[in-house]
$ cat start-v2.cif   # mmCIF, C-alpha atoms and all ligand atoms
data_start
#
loop_
_atom_site.label_atom_id
_atom_site.label_comp_id
_atom_site.auth_asym_id
_atom_site.auth_seq_id
_atom_site.Cartn_x
_atom_site.Cartn_y
_atom_site.Cartn_z
CA MET A 29 34.61 -14.92 17.75
CA SER A 30 34.62 -13.17 21.13
CA PRO A 31 36.92 -10.32 22.16
CA ALA A 32 39.86 -11.72 24.15
CA GLY A 33 38.88 -12.90 27.60
CA ALA A 34 35.13 -12.30 27.16
CA PRO A 35 32.65 -15.08 27.79
CA ASP A 36 31.37 -16.83 24.66
CA ARG A 37 27.74 -15.87 25.09
CA LEU A 38 27.72 -12.11 24.67
CA GLY A 39 24.69 -9.88 24.40
CA ASP A 40 23.56 -8.49 21.05
CA GLY A 41 24.87 -4.99 21.85
CA THR A 42 28.36 -6.36 22.45
CA ARG A 43 28.25 -8.76 19.53
CA VAL A 44 27.36 -6.15 16.94
CA VAL A 45 30.02 -3.72 18.20
CA HIS A 46 32.80 -6.32 18.17
CA ALA A 47 31.75 -8.48 15.21
CA GLY A 48 34.65 -8.90 12.81
CA ASP A 49 37.22 -7.37 15.21
CA GLU A 50 40.87 -7.99 14.46
CA PRO A 51 43.09 -9.12 17.36
CA VAL A 52 44.28 -6.08 19.35
CA VAL A 53 47.55 -4.65 18.03
CA PRO A 54 48.65 -1.42 19.78
CA GLY A 55 48.91 1.48 17.37
CA THR A 56 46.43 0.05 14.84
CA PRO A 57 42.94 1.53 14.38
CA LEU A 58 39.95 0.04 16.20
CA ARG A 59 38.34 -0.50 12.82
CA PRO A 60 40.52 -0.80 9.71
CA SER A 61 39.93 1.75 6.96
CA PRO A 62 38.65 0.53 3.59
CA VAL A 63 41.26 -0.65 1.12
CA PHE A 64 40.41 0.67 -2.35
CA ALA A 65 42.80 -1.32 -4.47
CA ALA A 66 41.72 -3.30 -7.55
CA PRO A 67 45.10 -4.98 -8.29
CA TYR A 68 47.74 -5.52 -5.60
CA HIS A 69 51.54 -5.69 -5.94
CA LEU A 70 52.41 -9.21 -6.96
CA GLY A 71 56.19 -9.15 -6.54
CA ASP A 72 58.05 -12.29 -7.55
CA LEU A 73 55.68 -14.69 -5.81
CA PRO A 74 52.90 -16.60 -7.57
CA PRO A 75 49.43 -14.97 -7.22
CA GLY A 76 47.86 -15.64 -3.84
CA ALA A 77 51.10 -16.98 -2.33
CA GLY A 78 51.02 -16.89 1.46
CA GLY A 79 47.41 -15.65 1.35
CA ALA A 80 48.40 -12.37 -0.29
CA ASP A 81 45.75 -10.44 -2.19
CA SER A 82 46.31 -10.13 -5.92
CA TYR A 83 43.04 -8.76 -7.34
CA ALA A 84 39.97 -7.41 -5.53
CA ARG A 85 37.16 -9.14 -7.43
CA PRO A 86 37.35 -12.60 -5.83
CA ASP A 87 38.10 -11.29 -2.35
CA ASN A 88 39.75 -8.33 -0.64
CA PRO A 89 40.69 -7.19 2.87
CA THR A 90 37.69 -4.91 3.45
CA LEU A 91 35.16 -7.52 2.33
CA ARG A 92 36.86 -10.14 4.50
CA VAL A 93 36.44 -8.02 7.65
CA PHE A 94 32.79 -7.21 6.91
CA GLU A 95 32.03 -10.83 5.99
CA ARG A 96 33.68 -12.11 9.15
CA ALA A 97 31.47 -9.73 11.15
CA VAL A 98 28.20 -10.75 9.48
CA GLY A 99 29.22 -14.42 9.48
CA GLU A 100 29.71 -14.24 13.25
CA LEU A 101 26.21 -12.85 13.74
CA ASP A 102 24.65 -15.36 11.33
CA GLY A 103 26.65 -18.31 12.70
CA GLY A 104 27.98 -19.15 9.24
CA ASP A 105 30.34 -18.17 6.44
CA CYS A 106 29.40 -14.93 4.74
CA LEU A 107 29.81 -13.59 1.21
CA SER A 108 28.72 -10.03 0.48
CA PHE A 109 26.98 -8.70 -2.63
CA ALA A 110 26.15 -5.37 -4.19
CA SER A 111 22.47 -5.47 -3.11
CA GLY A 112 19.90 -7.77 -1.56
CA MET A 113 18.70 -8.82 -5.01
CA ALA A 114 22.29 -9.62 -6.00
CA ALA A 115 22.50 -11.89 -2.94
CA ILE A 116 19.23 -13.66 -3.83
CA SER A 117 20.29 -14.02 -7.47
CA ALA A 118 23.62 -15.50 -6.41
CA ALA A 119 22.04 -18.00 -4.01
CA VAL A 120 19.59 -19.25 -6.64
CA LEU A 121 21.71 -19.06 -9.79
CA ALA A 122 24.78 -20.65 -8.23
CA VAL A 123 22.77 -23.62 -6.97
CA ALA A 124 19.95 -24.29 -9.46
CA GLY A 125 20.01 -24.70 -13.23
CA ALA A 126 17.89 -25.65 -16.21
CA GLY A 127 15.21 -28.22 -15.38
CA ASP A 128 15.53 -27.70 -11.61
CA ARG A 129 12.43 -27.02 -9.54
CA VAL A 130 12.78 -23.90 -7.41
CA VAL A 131 10.18 -23.07 -4.73
CA LEU A 132 9.78 -19.36 -3.93
CA PRO A 133 7.30 -17.36 -1.82
CA SER A 134 4.31 -15.99 -3.72
CA ASP A 135 3.87 -13.20 -1.17
CA GLY A 136 7.45 -12.13 -0.39
CA TYR A 137 9.46 -9.23 -1.79
CA TYR A 138 8.03 -8.78 -5.27
CA ALA A 139 11.38 -8.41 -7.08
CA THR A 140 12.12 -12.05 -6.21
CA ARG A 141 9.05 -13.00 -8.27
CA VAL A 142 10.24 -10.74 -11.09
CA LEU A 143 13.59 -12.54 -10.96
CA ALA A 144 11.71 -15.84 -11.24
CA ARG A 145 9.55 -14.72 -14.15
CA GLU A 146 12.14 -12.83 -16.15
CA GLU A 147 15.35 -14.76 -15.47
CA LEU A 148 14.90 -18.13 -13.75
CA GLU A 149 12.17 -19.38 -16.09
CA ARG A 150 14.05 -18.00 -19.10
CA LEU A 151 17.02 -20.15 -18.00
CA GLY A 152 14.80 -23.25 -17.85
CA MET A 153 14.08 -23.51 -14.12
CA VAL A 154 10.64 -24.63 -13.04
CA VAL A 155 9.38 -22.08 -10.52
CA ASP A 156 6.69 -22.91 -7.94
CA LEU A 157 5.29 -19.92 -6.07
CA VAL A 158 3.89 -20.93 -2.68
CA PRO A 159 2.31 -18.60 -0.07
CA THR A 160 4.41 -18.25 3.09
CA LEU A 161 1.52 -19.54 5.19
CA GLN A 162 1.21 -22.70 3.06
CA ILE A 163 4.83 -23.77 2.70
CA GLY A 164 4.68 -25.65 6.03
CA ASP A 165 1.77 -27.79 4.76
CA VAL A 166 3.47 -28.33 1.40
CA ALA A 167 6.58 -29.53 3.27
CA ALA A 168 4.57 -31.74 5.64
CA ARG A 169 2.81 -33.44 2.71
CA GLY A 170 6.20 -34.35 1.20
CA ASP A 171 5.54 -32.09 -1.78
CA LEU A 172 9.03 -30.61 -1.71
CA ALA A 173 10.38 -33.88 -3.14
CA GLY A 174 12.13 -33.12 -6.40
CA ALA A 175 12.87 -29.50 -5.51
CA ARG A 176 16.45 -28.30 -5.89
CA LEU A 177 16.07 -25.13 -3.86
CA VAL A 178 13.44 -23.72 -1.50
CA LEU A 179 13.49 -20.04 -0.54
CA LEU A 180 11.54 -18.78 2.46
CA GLU A 181 11.03 -15.18 3.45
CA THR A 182 9.95 -14.94 7.08
CA PRO A 183 8.60 -12.56 8.22
CA SER A 184 7.52 -11.86 4.66
CA ASN A 185 7.62 -8.39 3.16
CA PRO A 186 5.16 -6.67 3.22
CA GLN A 187 2.44 -8.79 4.83
CA LEU A 188 4.60 -10.08 7.70
CA GLU A 189 3.52 -13.71 7.49
CA VAL A 190 5.74 -16.17 9.34
CA CYS A 191 6.53 -19.81 8.57
CA ASP A 192 8.26 -22.54 10.54
CA ILE A 193 11.90 -22.60 9.38
CA ALA A 194 12.87 -25.72 11.35
CA ALA A 195 9.94 -27.76 9.99
CA VAL A 196 10.64 -26.74 6.39
CA ALA A 197 14.37 -27.41 6.95
CA ARG A 198 13.63 -31.01 7.93
CA ALA A 199 11.54 -31.50 4.79
CA THR A 200 14.08 -29.89 2.45
CA ARG A 201 16.87 -32.01 3.92
CA ALA A 202 14.78 -35.14 3.37
CA ALA A 203 14.13 -33.99 -0.22
CA GLY A 204 17.84 -33.30 -0.83
CA ALA A 205 17.05 -29.65 -1.57
CA VAL A 206 18.89 -26.54 -0.42
CA LEU A 207 16.96 -24.31 2.01
CA VAL A 208 17.58 -20.58 1.70
CA VAL A 209 15.97 -18.07 4.08
CA ASP A 210 15.63 -14.39 3.26
CA ASN A 211 16.21 -12.97 6.76
CA THR A 212 16.05 -9.31 5.78
CA THR A 213 13.15 -8.26 8.00
CA ALA A 214 14.46 -10.02 11.11
CA THR A 215 18.22 -9.28 10.68
CA PRO A 216 20.93 -11.71 11.89
CA ILE A 217 20.33 -10.76 15.53
CA GLY A 218 16.57 -11.12 15.22
CA GLN A 219 16.53 -14.65 13.80
CA ARG A 220 19.17 -17.29 13.14
CA PRO A 221 17.94 -19.44 10.24
CA LEU A 222 21.17 -21.49 10.13
CA ALA A 223 20.67 -22.58 13.75
CA LEU A 224 17.13 -23.61 12.77
CA GLY A 225 18.44 -25.93 10.04
CA ALA A 226 18.61 -23.73 6.91
CA ASP A 227 21.59 -24.20 4.58
CA VAL A 228 21.72 -20.53 3.63
CA THR A 229 20.53 -17.29 5.22
CA LEU A 230 20.66 -14.07 3.27
CA GLY A 231 19.73 -10.45 3.70
CA ALA A 232 19.20 -7.14 1.99
CA ASP A 233 21.65 -5.24 4.18
CA THR A 234 20.29 -2.09 2.56
CA LYS A 235 17.61 -2.35 5.30
CA ALA A 236 18.01 -2.60 9.08
CA LEU A 237 21.45 -4.22 9.15
CA THR A 238 22.98 -0.96 7.92
CA GLY A 239 19.95 1.14 8.83
CA HIS A 240 20.89 4.63 7.65
CA SER A 241 19.31 4.57 4.17
CA ASP A 242 22.68 5.34 2.59
CA VAL A 243 23.99 2.03 1.27
CA LEU A 244 22.83 -0.78 -1.04
CA LEU A 245 24.28 -4.11 0.02
CA GLY A 246 23.40 -7.76 0.51
CA HIS A 247 24.95 -10.92 1.88
CA VAL A 248 24.63 -14.67 1.86
CA SER A 249 25.79 -16.80 4.80
CA THR A 250 26.09 -20.57 4.57
CA ALA A 251 25.86 -23.15 7.35
CA PRO A 252 29.04 -24.68 8.83
CA THR A 253 27.94 -28.11 7.54
CA ASP A 254 29.12 -30.19 4.57
CA ALA A 255 26.06 -29.11 2.58
CA GLY A 256 26.60 -25.47 3.59
CA ARG A 257 30.29 -25.56 2.69
CA ALA A 258 29.49 -27.01 -0.74
CA VAL A 259 26.97 -24.23 -1.39
CA HIS A 260 29.47 -21.65 -0.14
CA ALA A 261 32.12 -22.83 -2.61
CA ARG A 262 29.59 -22.65 -5.47
CA ILE A 263 28.42 -19.13 -4.54
CA ALA A 264 32.00 -17.86 -4.05
CA ALA A 265 32.96 -19.20 -7.49
CA TRP A 266 29.79 -17.70 -8.99
CA ARG A 267 30.54 -14.29 -7.47
CA LYS A 268 34.13 -14.35 -8.69
CA THR A 269 33.16 -15.29 -12.24
CA THR A 270 30.11 -13.07 -12.62
CA GLY A 271 31.94 -10.18 -10.95
CA ASN A 272 29.16 -9.55 -8.45
CA THR A 273 31.49 -8.13 -5.80
CA PRO A 274 30.44 -5.06 -3.78
CA GLY A 275 32.72 -2.05 -3.42
CA PRO A 276 34.96 -1.75 -0.35
CA PHE A 277 33.46 1.58 0.67
CA GLU A 278 29.98 0.02 0.95
CA ALA A 279 31.31 -2.93 2.96
CA TRP A 280 33.20 -0.63 5.32
CA LEU A 281 30.22 1.69 5.73
CA ALA A 282 27.96 -1.28 6.42
CA HIS A 283 30.33 -2.65 9.05
CA ARG A 284 30.50 0.76 10.71
CA SER A 285 26.70 1.05 10.76
CA MET A 286 26.21 -2.47 12.08
CA GLY A 287 27.69 -1.55 15.46
CA THR A 288 24.45 0.23 16.41
CA LEU A 289 22.10 -2.50 15.17
CA ASP A 290 21.10 -3.61 18.66
CA LEU A 291 20.31 -0.04 19.78
CA ARG A 292 18.43 0.77 16.60
CA LEU A 293 16.33 -2.41 16.68
CA ALA A 294 15.47 -1.85 20.32
CA ARG A 295 14.15 1.67 19.68
CA GLN A 296 12.43 0.65 16.45
CA ALA A 297 10.64 -2.16 18.28
CA THR A 298 9.55 0.17 21.10
CA ASN A 299 8.21 2.57 18.49
CA ALA A 300 6.48 -0.26 16.64
CA ALA A 301 4.71 -1.40 19.82
CA ALA A 302 3.48 2.17 20.39
CA LEU A 303 2.41 2.50 16.75
CA VAL A 304 0.47 -0.78 16.92
CA GLU A 305 -1.34 0.46 20.01
CA VAL A 306 -2.39 3.67 18.24
CA LEU A 307 -3.39 1.92 15.02
CA THR A 308 -5.31 -0.94 16.61
CA GLY A 309 -8.98 -0.12 16.89
CA HIS A 310 -8.61 3.33 15.31
CA PRO A 311 -11.64 3.92 13.06
CA ALA A 312 -9.40 4.93 10.13
CA VAL A 313 -7.51 1.59 10.27
CA SER A 314 -9.10 -1.69 9.25
CA ALA A 315 -6.19 -4.09 9.91
CA VAL A 316 -2.83 -4.06 11.67
CA ARG A 317 -0.04 -6.65 11.44
CA TRP A 318 3.03 -6.92 13.69
CA PRO A 319 4.30 -10.43 14.47
CA TRP A 320 5.21 -9.33 18.00
CA SER A 321 1.72 -8.28 18.92
CA PRO A 322 0.10 -11.12 20.97
CA ALA A 323 -3.09 -10.61 18.95
CA ASP A 324 -1.30 -11.16 15.63
CA PRO A 325 -1.77 -14.53 13.87
CA SER A 326 2.03 -14.73 13.38
CA TYR A 327 2.72 -14.24 17.10
CA PRO A 328 2.86 -17.86 18.34
CA LEU A 329 5.47 -18.87 15.75
CA ALA A 330 7.33 -15.55 15.66
CA SER A 331 7.79 -15.47 19.43
CA GLN A 332 9.07 -19.04 19.33
CA GLN A 333 11.52 -18.90 16.40
CA MET A 334 12.56 -15.23 16.38
CA LEU A 335 14.87 -13.70 18.93
CA ARG A 336 13.57 -10.15 19.11
CA PRO A 337 11.05 -7.78 17.54
CA ASN A 338 11.74 -5.11 14.93
CA GLY A 339 10.10 -1.96 13.68
CA VAL A 340 8.19 -3.12 10.60
CA VAL A 341 4.40 -2.91 10.93
CA SER A 342 1.77 -3.17 8.23
CA ALA A 343 -1.73 -1.74 8.29
CA GLU A 344 -4.69 -1.04 6.09
CA LEU A 345 -6.24 2.39 5.61
CA ALA A 346 -9.35 3.10 3.55
CA ASP A 347 -7.67 3.84 0.21
CA ALA A 348 -4.74 5.53 -1.54
CA GLY A 349 -6.14 8.99 -0.69
CA ALA A 350 -6.16 8.20 3.02
CA VAL A 351 -2.48 7.22 2.91
CA LEU A 352 -1.63 10.41 1.02
CA ARG A 353 -3.51 12.53 3.57
CA LEU A 354 -1.80 10.76 6.48
CA VAL A 355 1.64 11.51 5.05
CA ARG A 356 0.72 15.12 4.27
CA THR A 357 -0.77 15.78 7.70
CA SER A 358 1.99 14.17 9.74
CA ARG A 359 5.45 15.60 10.16
CA LEU A 360 7.50 12.55 11.03
CA PHE A 361 5.91 9.84 8.83
CA THR A 362 7.80 10.21 5.56
CA ALA A 363 6.71 8.50 2.37
CA ALA A 364 9.59 6.27 1.27
CA THR A 365 10.07 2.72 0.14
CA SER A 366 12.62 0.43 1.82
CA PHE A 367 12.51 -0.12 5.61
CA GLY A 368 14.67 -0.64 8.67
CA GLY A 369 16.25 2.82 8.67
CA ILE A 370 16.53 5.45 11.39
CA HIS A 371 13.70 7.52 9.87
CA THR A 372 10.09 6.47 10.28
CA THR A 373 8.64 5.80 6.84
CA VAL A 374 5.35 4.85 5.22
CA ASP A 375 5.14 2.92 1.97
CA ARG A 376 1.83 2.39 0.16
CA ARG A 377 2.71 -0.92 -1.42
CA ALA A 378 0.01 -1.00 -4.11
CA GLN A 379 1.66 1.95 -5.87
CA TRP A 380 4.49 -0.36 -7.01
CA GLY A 381 2.14 -2.87 -8.64
CA GLY A 382 4.00 -5.96 -7.42
CA ASP A 383 2.08 -7.01 -4.27
CA ALA A 384 -1.46 -8.41 -4.08
CA VAL A 385 -2.57 -5.91 -1.43
CA PRO A 386 -5.44 -3.39 -1.19
CA GLU A 387 -4.89 0.22 -2.32
CA GLY A 388 -4.76 1.48 1.28
CA PHE A 389 -2.27 -1.15 2.50
CA VAL A 390 0.82 0.49 4.04
CA ARG A 391 4.08 -0.81 5.40
CA PHE A 392 5.27 1.37 8.27
CA SER A 393 8.92 1.21 9.17
CA CYS A 394 9.49 2.69 12.60
CA GLY A 395 12.68 4.68 12.94
CA ILE A 396 14.55 5.66 16.07
CA GLU A 397 12.81 8.96 16.79
CA ASP A 398 11.39 9.53 20.28
CA THR A 399 8.35 7.34 20.80
CA ALA A 400 6.28 10.15 22.31
CA ASP A 401 6.98 12.39 19.30
CA LEU A 402 5.85 9.71 16.84
CA VAL A 403 2.66 9.05 18.78
CA ALA A 404 1.93 12.77 19.13
CA ASP A 405 2.41 13.14 15.37
CA LEU A 406 0.41 10.08 14.32
CA VAL A 407 -2.72 10.44 16.47
CA PRO A 408 -3.97 13.77 15.00
CA ALA A 409 -2.98 12.66 11.48
CA LEU A 410 -5.09 9.52 11.86
CA ASP A 411 -7.95 11.39 13.55
CA ALA A 412 -8.00 13.81 10.61
CA LEU A 413 -8.83 10.87 8.32
CA GLY A 414 -12.23 10.63 10.02
C1 LIG A 501 12.82 -9.15 1.93
C2 LIG A 501 13.67 -8.46 0.92
N1 LIG A 501 14.62 -9.17 0.28
C3 LIG A 501 15.41 -8.60 -0.66
C4 LIG A 501 15.28 -7.27 -0.98
C5 LIG A 501 16.17 -6.68 -2.04
O1 LIG A 501 17.11 -5.80 -1.49
P1 LIG A 501 17.88 -4.71 -2.37
O2 LIG A 501 16.90 -3.62 -2.62
O3 LIG A 501 19.05 -4.32 -1.53
O4 LIG A 501 18.28 -5.39 -3.64
C6 LIG A 501 14.33 -6.50 -0.34
C7 LIG A 501 14.16 -5.08 -0.68
O5 LIG A 501 13.23 -4.42 -0.26
C8 LIG A 501 13.49 -7.11 0.63
O6 LIG A 501 12.54 -6.43 1.26
#

$ encode --input "start-v2.cif" --output "C-alpha cells"
Amino acid sequence: MSPAGAPDRLGDGTRVVHAGDEPVVPGTPLRPSPVFAAPYHLGDLPPGAGGADSYARPDNPTLRVFERAVGELDGGDCLSFASGMAAISAAVLAVAGAGDRVVLPSDGYYATRVLAREELERLGMVVDLVPTLQIGDVAARGDLAGARLVLLETPSNPQLEVCDIAAVARATRAAGAVLVVDNTTATPIGQRPLALGADVTLGADTKALTGHSDVLLGHVSTAPTDAGRAVHARIAAWRKTTGNTPGPFEAWLAHRSMGTLDLRLARQATNAAALVEVLTGHPAVSAVRWPWSPADPSYPLASQQMLRPNGVVSAELADAGAVLRLVRTSRLFTAATSFGGIHTTVDRRAQWGGDAVPEGFVRFSCGIEDTADLVADLVPALDALG
C-alpha cells in the first residue's frame, strides 16, 4: 500500500519507512505503540464481532501492523513467528505430514537439517537433502514429482550458493508441490521469491530485516494466489493451535527497526564490496565468496534474480588459529554468530559442527561502520597472519 497520493512504484527507502502505515489521522502517533494485552474486553458481543480482538494468540493489533508491513515488502500475506526456525517449522509442519516427501537444502542453515533429522523424520516425513547448486537439475529432470514441499535457501547460509527460484517454481507447480524460499540472507527488499513463482517466502527477521542484534523473530509470507491463500489458512490455523505467536514488543521493535533496512543494506553492501577487494588475492585468504562480485560463480544468477546486494561474505583462512588471530588483532571484526546486524562480525562456522566447511571457513557479516575504518582495521590484521 502506498502513502496517500504517492506513486505506486516507490523506492526501497520509502517503502521500508512507510510499510504498514495506518491512514493518517491527526493526533494519532506516526507509529502505533505495542498493545500488550492477552485477553481483551468482550462486552456483550460474541467473540470477534465486528472484527474486535478477543485474545492475542490468534492475532492482535501489533502483529497485524507488523505483518502488513512485511507483507507489503514481500508482496504477499504475512504471519510472524517467534524466530526464524519457528517460521520454518510452521511452513513445513502446517503443510506436510506423515509419508510426505519434503525436499530441503543439504547446505543451508544447519538447524533446518536438525529439524529434518530430529522432528520431520520422527513424524514420518521422507526428507531428501539436495545441494542448492543441484536443485535446478533435480527440478529439470522431473525428480520433484511426488514431493509435497520443496524448500530453497538462496543465497544459502553460509556458502552463499544461489539457485534459480523461477525454474524450481515451475517444476514444483507441475509436481503439485508447495515451494518455500528461505529469503533470510537477501531480505524482502533484496529478493522477491513470490514474484518469481514461490508459494511461500520466509525469513529469520533476527538478521538483517531487524538488523540491531536485539530481537529474535521470523515470518512467513504467502503468495496472493489460490495455492498461497490455502497455505496461509493452514499456517494461520497451525500458529493459533500450537501457540507459536511472537510477543507484541518484538513485533513492534522489528517494525521500528525495519524503517532503516534500505540504509543499512546499502552501507553493508558497500562495506562488503570493500572487504571482498581486500580479501581477494590476499596471501592469507584462499577463497572468497560474495554473489555480487562479478568473479563469483553465483554472480550471473544472483544479479539476474536478486534486486540488490547485502553484506554477507564468506572466505577461507588457513585454519581455526588464523581466524582466532584475525579477531584478536582487529578492533572492529567481532566474533559473533548471526549476521545482518549493524556491527561487523566474523563467524568461524566449523566451530558449530553443523556445516561441511573447512576449519578456517568464516562468514563475515559487514555492519554499517565507516568503510575506510573497516579496511584500515582488516588489512594489518590479515597481513599479520603472514
Ligand atoms: C538462513 C537462515 N534461516 C533461518 C535461520 C533461523 O533463524 P532464528 O535463529 O531466528 O531461528 C537462520 C539463522 O541463522 C538462517 O541463517

$ closest_atom_pairs --input "start-v2.cif" --of "segment 51-156 of chain A" --to "segment 190-213 of chain A" --cutoff "12 Å" --atoms "only C-alpha atoms" --output "tab-separated table"
residue	atom	partner	partner_atom	distance
A:Asp102	CA	A:Asn211	CA	9.9
A:Ser111	CA	A:Thr212	CA	11.6
A:Gly112	CA	A:Thr212	CA	8.4
A:Met113	CA	A:Asp210	CA	10.4
A:Ala115	CA	A:Asp210	CA	9.6
A:Ile116	CA	A:Asp210	CA	8.0
A:Ser117	CA	A:Val208	CA	11.6
A:Ala118	CA	A:Val208	CA	11.3
A:Ala119	CA	A:Val208	CA	7.7
A:Val120	CA	A:Val208	CA	8.7
A:Ala122	CA	A:Val206	CA	11.4
A:Val123	CA	A:Val206	CA	8.2
A:Ala124	CA	A:Val206	CA	9.4
A:Asp128	CA	A:Ala205	CA	10.3
A:Arg129	CA	A:Ala205	CA	9.6
A:Val130	CA	A:Ala205	CA	9.2
A:Val131	CA	A:Leu207	CA	9.6
A:Leu132	CA	A:Val208	CA	9.7
A:Pro133	CA	A:Asp210	CA	10.2
A:Asp135	CA	A:Val190	CA	11.1
A:Gly136	CA	A:Asp210	CA	9.2
A:Tyr137	CA	A:Asp210	CA	9.5
A:Thr140	CA	A:Asp210	CA	10.4

$ write_last_selection --input "start-v2.cif" --atoms "C-alpha atoms" --output "CSV table (one decimal), in the frame of the given file"
chain,number,residue,atom,x,y,z
A,102,ASP,CA,24.6,-15.4,11.3
A,111,SER,CA,22.5,-5.5,-3.1
A,112,GLY,CA,19.9,-7.8,-1.6
A,113,MET,CA,18.7,-8.8,-5.0
A,115,ALA,CA,22.5,-11.9,-2.9
A,116,ILE,CA,19.2,-13.7,-3.8
A,117,SER,CA,20.3,-14.0,-7.5
A,118,ALA,CA,23.6,-15.5,-6.4
A,119,ALA,CA,22.0,-18.0,-4.0
A,120,VAL,CA,19.6,-19.2,-6.6
A,122,ALA,CA,24.8,-20.6,-8.2
A,123,VAL,CA,22.8,-23.6,-7.0
A,124,ALA,CA,20.0,-24.3,-9.5
A,128,ASP,CA,15.5,-27.7,-11.6
A,129,ARG,CA,12.4,-27.0,-9.5
A,130,VAL,CA,12.8,-23.9,-7.4
A,131,VAL,CA,10.2,-23.1,-4.7
A,132,LEU,CA,9.8,-19.4,-3.9
A,133,PRO,CA,7.3,-17.4,-1.8
A,135,ASP,CA,3.9,-13.2,-1.2
A,136,GLY,CA,7.4,-12.1,-0.4
A,137,TYR,CA,9.5,-9.2,-1.8
A,140,THR,CA,12.1,-12.0,-6.2

$ closest_residue --input "start-v2.cif" --among "A:Thr253, A:Gln296, A:Thr273, A:Gln187" --to "Ala66 of chain A" --atoms "all atoms listed in the file"
A:Thr273

$ atom_distance --input "start-v2.cif" --atom1 "atom CA of Asn185 of chain A" --atom2 "atom CA of Ala400 of chain A"
26.7 Å

$ closest_residue --input "start-v2.cif" --among "A:Gly381, A:Pro319, A:Pro51, A:Gly256" --to "Val142 of chain A" --atoms "only C-alpha atoms"
A:Gly381

$ residues_around --input "start-v2.cif" --residues "Val316 of chain A" --least-positions-apart "3" --cutoff "8 Å" --atoms "all atoms listed in the file" --output "MDAnalysis selection string"
chainID A and resid 304 307:308 313 341:344

$ residues_around --input "start-v2.cif" --residues "Ser61 of chain A" --least-positions-apart "4" --cutoff "12 Å" --atoms "all atoms listed in the file" --output "list in words"
Thr56, Pro57, Pro89, Thr90, Leu91, Val93, Phe94, Pro276, Phe277, Glu278, Ala279, Trp280, Leu281, His283 and Arg284 of chain A

$ closest_residue --input "start-v2.cif" --among "A:Leu303, A:Met334, A:Ala282, A:Leu161" --to "Gly218 of chain A" --atoms "only C-alpha atoms"
A:Met334

$ residues_around --input "start-v2.cif" --residues "Thr234 of chain A" --least-positions-apart "4" --cutoff "7 Å" --atoms "all atoms listed in the file" --output "list in words"
Ser111, Thr238, Ser241, Val243, Leu244, Leu245 and Gly246 of chain A

$ closest_residue --input "start-v2.cif" --among "A:Trp266, A:Tyr327, A:Phe392, A:Tyr138" --to "Gly368 of chain A" --atoms "all atoms listed in the file"
A:Phe392

$ atom_distance --input "start-v2.cif" --atom1 "atom P1 of ligand LIG 501 (chain A)" --atom2 "atom CA of Pro60 of chain A"
26.0 Å

$ closest_residue --input "start-v2.cif" --among "A:Lys268, A:Asp227, A:Pro186, A:Arg257" --to "Val374 of chain A" --atoms "only C-alpha atoms"
A:Pro186

$ closest_residue --input "start-v2.cif" --among "A:Ala173, A:Phe109, A:Val178, A:Ala261" --to "Ala226 of chain A" --atoms "all atoms listed in the file"
A:Val178

$ atom_distance --input "start-v2.cif" --atom1 "atom CA of Thr372 of chain A" --atom2 "atom CA of Val45 of chain A"
23.7 Å

$ build_atoms --input "start-v2.cif" --residues "segment 387-398 of chain A" --atoms "N, CA and C atoms" --output "tab-separated table (two decimals), in the frame of the given file"
chain	number	residue	atom	x	y	z
A	387	GLU	N	-5.45	-1.10	-2.02
A	387	GLU	CA	-4.89	0.22	-2.32
A	387	GLU	C	-4.41	0.97	-1.07
A	388	GLY	N	-5.12	0.75	0.06
A	388	GLY	CA	-4.76	1.48	1.28
A	388	GLY	C	-3.80	0.73	2.19
A	389	PHE	N	-3.21	-0.35	1.68
A	389	PHE	CA	-2.27	-1.15	2.50
A	389	PHE	C	-0.94	-0.40	2.62
A	390	VAL	N	-0.46	-0.21	3.85
A	390	VAL	CA	0.82	0.49	4.04
A	390	VAL	C	1.77	-0.36	4.88
A	391	ARG	N	3.04	-0.23	4.55
A	391	ARG	CA	4.08	-0.81	5.40
A	391	ARG	C	4.73	0.36	6.13
A	392	PHE	N	4.57	0.37	7.46
A	392	PHE	CA	5.27	1.37	8.27
A	392	PHE	C	6.62	0.80	8.66
A	393	SER	N	7.64	1.62	8.61
A	393	SER	CA	8.92	1.21	9.17
A	393	SER	C	9.27	2.22	10.25
A	394	CYS	N	9.24	1.76	11.50
A	394	CYS	CA	9.49	2.69	12.60
A	394	CYS	C	10.97	2.99	12.69
A	395	GLY	N	11.29	4.26	12.80
A	395	GLY	CA	12.68	4.68	12.94
A	395	GLY	C	13.06	4.76	14.41
A	396	ILE	N	14.05	5.59	14.69
A	396	ILE	CA	14.55	5.66	16.07
A	396	ILE	C	14.22	7.00	16.73
A	397	GLU	N	13.23	7.71	16.17
A	397	GLU	CA	12.81	8.96	16.79
A	397	GLU	C	12.24	8.66	18.19
A	398	ASP	N	12.01	9.72	18.96
A	398	ASP	CA	11.39	9.53	20.28
A	398	ASP	C	9.98	8.99	20.11
